[in-house]
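Chemist: One structure follows; several queries about it will come next.
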Amino acid sequence: MSDILNKIVAVKHEEVAAARKRVPLEAIRADAESRVLTRDFVGALRRRIAAGQAGVIAEIKKASPSKGVIREGEFIPADLAQSYALGDGDMAAACLSVLTDRQFFQGSPDYLRQARASCDLPVLRKDFMVDAWQIYESRAMGADCILLIAACLDDAQMRDFEAIALGLDMAVLVEVHDADEMARALKLRTPLVGVNNRNLRSFEVSIQTTLDLKAMVPADRLLVTESGIATREDVQQLRDGGVNAFLVGERFMRAPEPGEALAELFAA
Ligand SMILES: O=C(O)c1ccccc1NCC(=O)[C@H](O)[C@H](O)COP(=O)(O)O
């Protein structure tokens, strides 16, 4: 695991240990199980792709370890979510991704709640899952999908966390960066496989990572390319390579009107 991931994972374990004292596992589980009606994350992407469009997961991200603060000034998740949901012309986001980590991304669970309440898009909780408690917490805060990062988890953790999420009617996006992680991810049941183009050790970004790993992905899985998608040429290259689902953060967050930036990047 890279230094930054080691650090993030260590902090997550500390946070969960403290949170479990305030809200025991049985209590967070009961809260999660009392929530009904998740929004169909996989279906939202598949519908766009079936219509010949890109399936875009638009991210709400204030800062990151590699870039520091990305979106300066007022940060209003509800407005950002609406901008993404409305888009511009006939191009809008299929789903949202919201960073909920406070320490490294300046995110918040409240951002997820506010974004989800302001639109009808399914929402990914973008955070670092290291403990079952967080899977229940994700559903309790309203997430429709969780992220499992193969680099942070062993096979048994991925399988157990996936089972909890699917049991709560949430979707699972499993994220990989190389062929070994892809082989491990494909043992899971989820159709959603994300390739992170960002090397979390060097922070270098290359969309070639997705194009190289694409051949390993069976037709019944939905490949999502993540990170560093910044130009129409990037999008074209990926679409020419048969990639139709995209997770984009920084490119939109640096634009005054994120929904317009989305339409510009993805309009046919
Ligand atoms: O963004 C980072 O610096 C980062 C560092 C360490 C772990 C994860 C990190 N990013 C999370 C993400 O996966 C991205 O927010 C997401 O894929 C969007 O990427 P981008 O379009 O490049 O903002």
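Letters for chains follow the order of the structure tokens (A, B, ...), residue numbers begin at 1 for each chain, and ligand numbers begin at 1 in the order shown.
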If the limit is 9 Å from any atom of ligand 1, counting only C-alpha atoms and all ligand atoms, which residues qualify? Return them as a PDB file with C-alpha atoms, in the first residue's frame.
Modeler:
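What ended up in out-v4.pdb:
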ATOM      1  CA  ILE A   4      -0.763   8.122   1.496  1.00  0.00           C
ATOM      2  CA  LEU A   5      -3.092   5.107   1.457  1.00  0.00           C
ATOM      3  CA  ILE A   8      -5.559   7.316   5.174  1.00  0.00           C
ATOM      4  CA  ALA A  58     -20.011  13.541 -11.459  1.00  0.00           C
ATOM      5  CA  GLU A  59     -18.005  14.146  -8.314  1.00  0.00           C
ATOM      6  CA  ILE A  60     -18.435  16.688  -5.521  1.00  0.00           C
ATOM      7  CA  LYS A  61     -14.893  17.164  -4.201  1.00  0.00           C
ATOM      8  CA  ALA A  63      -9.881  19.161  -2.023  1.00  0.00           C
ATOM      9  CA  SER A  64      -7.572  16.202  -2.457  1.00  0.00           C
ATOM     10  CA  PRO A  65      -4.202  14.973  -1.156  1.00  0.00           C
ATOM     11  CA  SER A  66      -2.616  15.417  -4.604  1.00  0.00           C
ATOM     12  CA  LYS A  67      -3.973  18.908  -5.402  1.00  0.00           C
ATOM     13  CA  GLY A  68      -4.911  20.615  -2.132  1.00  0.00           C
ATOM     14  CA  ILE A  70      -9.640  22.287  -5.828  1.00  0.00           C
ATOM     15  CA  SER A  97     -20.032  10.827  -6.241  1.00  0.00           C
ATOM     16  CA  VAL A  98     -19.545  12.724  -2.981  1.00  0.00           C
ATOM     17  CA  LEU A  99     -16.331  12.753  -0.927  1.00  0.00           C
ATOM     18  CA  PHE A 104      -7.767  14.410   3.446  1.00  0.00           C
ATOM     19  CA  PHE A 105     -10.525  15.674   1.097  1.00  0.00           C
ATOM     20  CA  LYS A 126     -16.570   8.262  -1.982  1.00  0.00           C
ATOM     21  CA  ASP A 127     -14.536   7.284   1.056  1.00  0.00           C
ATOM     22  CA  PHE A 128     -12.150   4.618   2.299  1.00  0.00           C
ATOM     23  CA  GLU A 175     -11.689   0.094  -7.616  1.00  0.00           C
ATOM     24  CA  GLY A 194     -13.598   1.040 -11.570  1.00  0.00           C
ATOM     25  CA  VAL A 195     -10.083   1.567 -12.886  1.00  0.00           C
ATOM     26  CA  ASN A 196      -8.356   4.442 -11.128  1.00  0.00           C
ATOM     27  CA  ASN A 197      -6.041   6.140 -13.622  1.00  0.00           C
ATOM     28  CA  ARG A 198      -4.248   7.815 -10.702  1.00  0.00           C
ATOM     29  CA  ASN A 199      -1.243   6.009  -9.264  1.00  0.00           C
ATOM     30  CA  LEU A 200      -1.766   6.558  -5.555  1.00  0.00           C
ATOM     31  CA  ARG A 201       1.968   6.320  -4.859  1.00  0.00           C
ATOM     32  CA  PHE A 203      -0.112  10.631  -8.054  1.00  0.00           C
ATOM     33  CA  VAL A 205      -2.364   9.999 -13.950  1.00  0.00           C
ATOM     34  CA  THR A 225     -12.786   4.886 -15.761  1.00  0.00           C
ATOM     35  CA  GLU A 226     -11.819   7.119 -12.816  1.00  0.00           C
ATOM     36  CA  SER A 227      -9.564  10.167 -12.380  1.00  0.00           C
ATOM     37  CA  GLY A 228      -7.655  12.502 -14.639  1.00  0.00           C
ATOM     38  CA  ILE A 229     -10.281  12.799 -17.369  1.00  0.00           C
ATOM     39  CA  ALA A 230      -9.858  16.400 -18.459  1.00  0.00           C
ATOM     40  CA  PHE A 246     -16.662   7.908 -16.414  1.00  0.00           C
ATOM     41  CA  LEU A 247     -16.026   9.249 -12.916  1.00  0.00           C
ATOM     42  CA  VAL A 248     -14.870  12.866 -13.096  1.00  0.00           C
ATOM     43  CA  GLY A 249     -14.115  15.289 -10.283  1.00  0.00           C
ATOM     44  CA  GLU A 250     -11.458  17.960 -10.650  1.00  0.00           C
ATOM     45  CA  ARG A 251     -12.274  18.972 -14.238  1.00  0.00           C
ATOM     46  CA  PHE A 252     -15.829  19.879 -13.167  1.00  0.00           C
ATOM     47  CA  MET A 253     -14.975  21.270  -9.735  1.00  0.00           C
TER      48      MET A 253
END
Chemist: Write out as a ChimeraX atom specification the residues lying within 12 Å of Leu112 of chain A, counting only C-alpha atoms and excluding same-chain residues fewer than 2 positions away.
Modeler: /A:59-61,76-78,80-81,96-101,107-110,114-119,121-127,138-145
Chemist: Tell me, in Å to one decimal, how far atom CA of Gln237 of chain A is from atom CA of Val69 of chain A.
Modeler: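 According to the coordinates, atom CA of Gln237 of chain A and atom CA of Val69 of chain A are separated by 28.5 Å.
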Chemist: Go through A:Asp120, A:Glu204, A:Asp79, A:Glu26 and flag the residue nearest Gly259 of chain A, using only C-alpha atoms for the distances.
Modeler: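 Closest to Gly259 of chain A of all the choices is A:Asp79.
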Chemist: Quick one: distance from atom CA of Thr190 of chain A to atom CA of Ile146 of chain A in Å, one decimal?
Modeler: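 Between these atoms lies a distance of 11.1 Å.
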Chemist: Can you work out the spacing between atom CA of Pro218 of chain A and atom CA of Leu168 of chain A in Å, to one decimal?
Modeler: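 Going from atom CA of Pro218 of chain A over to atom CA of Leu168 of chain A, I get 25.6 Å.
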Chemist: For Ala19 of chain A, please output as a count of residues only all residues within 12 Å (counting only C-alpha atoms; exclusion window: fewer than 4 positions along the same chain).
Modeler: 13
Chemist: Between A:Ala94, A:Glu233, A:Glu33, A:Leu153, which has the minimum distance to Leu166 of chain A (counting only C-alpha atoms)?
Modeler: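 Smallest distance to Leu166 of chain A is found for A:Glu33.
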Chemist: Fewer than 2 positions away in the same chain doesn't count, so skip those; otherwise give me all residues within 10 Å of Gly242 of chain A, counting only C-alpha atoms, as number ranges by chain.
Modeler: A: 211, 214-215, 223, 236-240, 244-245
Chemist: Kindly export the residues of the current selection with N, CA and C atoms, as a PDB file, in the first residue's frame.
Modeler:
ATOM      1  N   LEU A 211      -7.280   1.742 -20.447  1.00  0.00           N
ATOM      2  CA  LEU A 211      -7.274   1.073 -21.752  1.00  0.00           C
ATOM      3  C   LEU A 211      -6.521  -0.260 -21.673  1.00  0.00           C
ATOM      4  N   LYS A 214      -8.768  -2.869 -19.706  1.00  0.00           N
ATOM      5  CA  LYS A 214     -10.107  -3.110 -20.293  1.00  0.00           C
ATOM      6  C   LYS A 214     -10.256  -4.547 -20.795  1.00  0.00           C
ATOM      7  N   ALA A 215      -9.197  -5.101 -21.396  1.00  0.00           N
ATOM      8  CA  ALA A 215      -9.279  -6.445 -21.997  1.00  0.00           C
ATOM      9  C   ALA A 215      -9.607  -7.511 -20.948  1.00  0.00           C
ATOM     10  N   LEU A 223     -17.364  -1.309 -16.823  1.00  0.00           N
ATOM     11  CA  LEU A 223     -16.087  -0.677 -16.496  1.00  0.00           C
ATOM     12  C   LEU A 223     -16.273   0.836 -16.350  1.00  0.00           C
ATOM     13  N   GLN A 236     -12.790  10.894 -25.961  1.00  0.00           N
ATOM     14  CA  GLN A 236     -12.869  10.212 -27.254  1.00  0.00           C
ATOM     15  C   GLN A 236     -11.992   8.963 -27.281  1.00  0.00           C
ATOM     16  N   GLN A 237     -10.773   9.120 -26.750  1.00  0.00           N
ATOM     17  CA  GLN A 237      -9.843   7.986 -26.734  1.00  0.00           C
ATOM     18  C   GLN A 237     -10.424   6.811 -25.922  1.00  0.00           C
ATOM     19  N   LEU A 238     -11.022   7.146 -24.796  1.00  0.00           N
ATOM     20  CA  LEU A 238     -11.598   6.101 -23.951  1.00  0.00           C
ATOM     21  C   LEU A 238     -12.826   5.486 -24.623  1.00  0.00           C
ATOM     22  N   ARG A 239     -13.666   6.334 -25.219  1.00  0.00           N
ATOM     23  CA  ARG A 239     -14.865   5.784 -25.879  1.00  0.00           C
ATOM     24  C   ARG A 239     -14.472   4.938 -27.083  1.00  0.00           C
ATOM     25  N   ASP A 240     -13.452   5.372 -27.813  1.00  0.00           N
ATOM     26  CA  ASP A 240     -12.958   4.556 -28.932  1.00  0.00           C
ATOM     27  C   ASP A 240     -12.442   3.204 -28.430  1.00  0.00           C
ATOM     28  N   ASN A 244     -17.382   3.362 -21.528  1.00  0.00           N
ATOM     29  CA  ASN A 244     -18.564   4.219 -21.613  1.00  0.00           C
ATOM     30  C   ASN A 244     -18.994   4.854 -20.297  1.00  0.00           C
ATOM     31  N   ALA A 245     -18.345   4.473 -19.206  1.00  0.00           N
ATOM     32  CA  ALA A 245     -18.715   5.059 -17.909  1.00  0.00           C
ATOM     33  C   ALA A 245     -17.503   5.781 -17.315  1.00  0.00           C
TER      34      ALA A 245
END
Chemist: Taking only C-alpha atoms into account, which of A:Ile164, A:Ala185, A:Met170, A:Ser83 comes nearest Glu260 of chain A?
Modeler: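 Comparing A:Ile164, A:Ala185, A:Met170, A:Ser83 against Glu260 of chain A, the winner is A:Ser83.
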Chemist: What residues in segment 159-239 of chain A get the DSSP label strand (DSSP E)? Please answer as a list in words.
Modeler: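 Secondary structure check on segment 159-239 of chain A, strand (DSSP E): Ala171, Val172, Leu173, Val174, Glu175, Val176, Leu192, Val193, Gly194, Val195, Asn196, Leu222, Leu223, Val224, Thr225 and Glu226 of chain A.
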Chemist: Kindly save the residues from that selection, with N, CA and C atoms included, as a PDB file, in the first residue's frame.
Modeler:
ATOM      1  N   ALA A 171     -25.369  -0.470  -4.284  1.00  0.00           N
ATOM      2  CA  ALA A 171     -24.447  -0.947  -5.317  1.00  0.00           C
ATOM      3  C   ALA A 171     -23.020  -0.857  -4.773  1.00  0.00           C
ATOM      4  N   VAL A 172     -22.105  -1.550  -5.437  1.00  0.00           N
ATOM      5  CA  VAL A 172     -20.699  -1.551  -5.024  1.00  0.00           C
ATOM      6  C   VAL A 172     -19.828  -1.255  -6.233  1.00  0.00           C
ATOM      7  N   LEU A 173     -19.002  -0.222  -6.096  1.00  0.00           N
ATOM      8  CA  LEU A 173     -17.981   0.062  -7.120  1.00  0.00           C
ATOM      9  C   LEU A 173     -16.650  -0.415  -6.551  1.00  0.00           C
ATOM     10  N   VAL A 174     -16.060  -1.442  -7.193  1.00  0.00           N
ATOM     11  CA  VAL A 174     -14.772  -1.942  -6.713  1.00  0.00           C
ATOM     12  C   VAL A 174     -13.683  -1.315  -7.573  1.00  0.00           C
ATOM     13  N   GLU A 175     -12.700  -0.708  -6.902  1.00  0.00           N
ATOM     14  CA  GLU A 175     -11.689   0.094  -7.616  1.00  0.00           C
ATOM     15  C   GLU A 175     -10.332  -0.605  -7.650  1.00  0.00           C
ATOM     16  N   VAL A 176      -9.733  -0.607  -8.838  1.00  0.00           N
ATOM     17  CA  VAL A 176      -8.429  -1.267  -9.022  1.00  0.00           C
ATOM     18  C   VAL A 176      -7.489  -0.335  -9.775  1.00  0.00           C
ATOM     19  N   LEU A 192     -19.968  -3.462 -11.207  1.00  0.00           N
ATOM     20  CA  LEU A 192     -19.264  -2.177 -11.367  1.00  0.00           C
ATOM     21  C   LEU A 192     -17.788  -2.289 -11.005  1.00  0.00           C
ATOM     22  N   VAL A 193     -16.929  -2.173 -12.015  1.00  0.00           N
ATOM     23  CA  VAL A 193     -15.484  -2.260 -11.778  1.00  0.00           C
ATOM     24  C   VAL A 193     -14.851  -0.939 -12.207  1.00  0.00           C
ATOM     25  N   GLY A 194     -14.229  -0.247 -11.256  1.00  0.00           N
ATOM     26  CA  GLY A 194     -13.598   1.040 -11.570  1.00  0.00           C
ATOM     27  C   GLY A 194     -12.099   0.882 -11.735  1.00  0.00           C
ATOM     28  N   VAL A 195     -11.547   1.515 -12.763  1.00  0.00           N
ATOM     29  CA  VAL A 195     -10.083   1.567 -12.886  1.00  0.00           C
ATOM     30  C   VAL A 195      -9.659   2.988 -12.552  1.00  0.00           C
ATOM     31  N   ASN A 196      -8.853   3.114 -11.486  1.00  0.00           N
ATOM     32  CA  ASN A 196      -8.356   4.442 -11.128  1.00  0.00           C
ATOM     33  C   ASN A 196      -7.100   4.744 -11.949  1.00  0.00           C
ATOM     34  N   LEU A 222     -19.459  -3.690 -15.876  1.00  0.00           N
ATOM     35  CA  LEU A 222     -19.504  -2.309 -16.352  1.00  0.00           C
ATOM     36  C   LEU A 222     -18.241  -1.596 -15.879  1.00  0.00           C
ATOM     37  N   LEU A 223     -17.364  -1.309 -16.823  1.00  0.00           N
ATOM     38  CA  LEU A 223     -16.087  -0.677 -16.496  1.00  0.00           C
ATOM     39  C   LEU A 223     -16.273   0.836 -16.350  1.00  0.00           C
ATOM     40  N   VAL A 224     -15.815   1.364 -15.220  1.00  0.00           N
ATOM     41  CA  VAL A 224     -15.866   2.811 -14.975  1.00  0.00           C
ATOM     42  C   VAL A 224     -14.431   3.324 -14.953  1.00  0.00           C
ATOM     43  N   THR A 225     -14.116   4.287 -15.803  1.00  0.00           N
ATOM     44  CA  THR A 225     -12.786   4.886 -15.761  1.00  0.00           C
ATOM     45  C   THR A 225     -12.816   6.063 -14.787  1.00  0.00           C
ATOM     46  N   GLU A 226     -11.801   6.123 -13.893  1.00  0.00           N
ATOM     47  CA  GLU A 226     -11.819   7.119 -12.816  1.00  0.00           C
ATOM     48  C   GLU A 226     -10.536   7.938 -12.825  1.00  0.00           C
TER      49      GLU A 226
END
Chemist: Counting only C-alpha atoms, which residue out of A:Arg113, A:Arg48, A:Arg184, A:Lys21 sits closest to Ala92 of chain A?
Modeler: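 Using only C-alpha atoms, the shortest distance to Ala92 of chain A belongs to A:Arg48.
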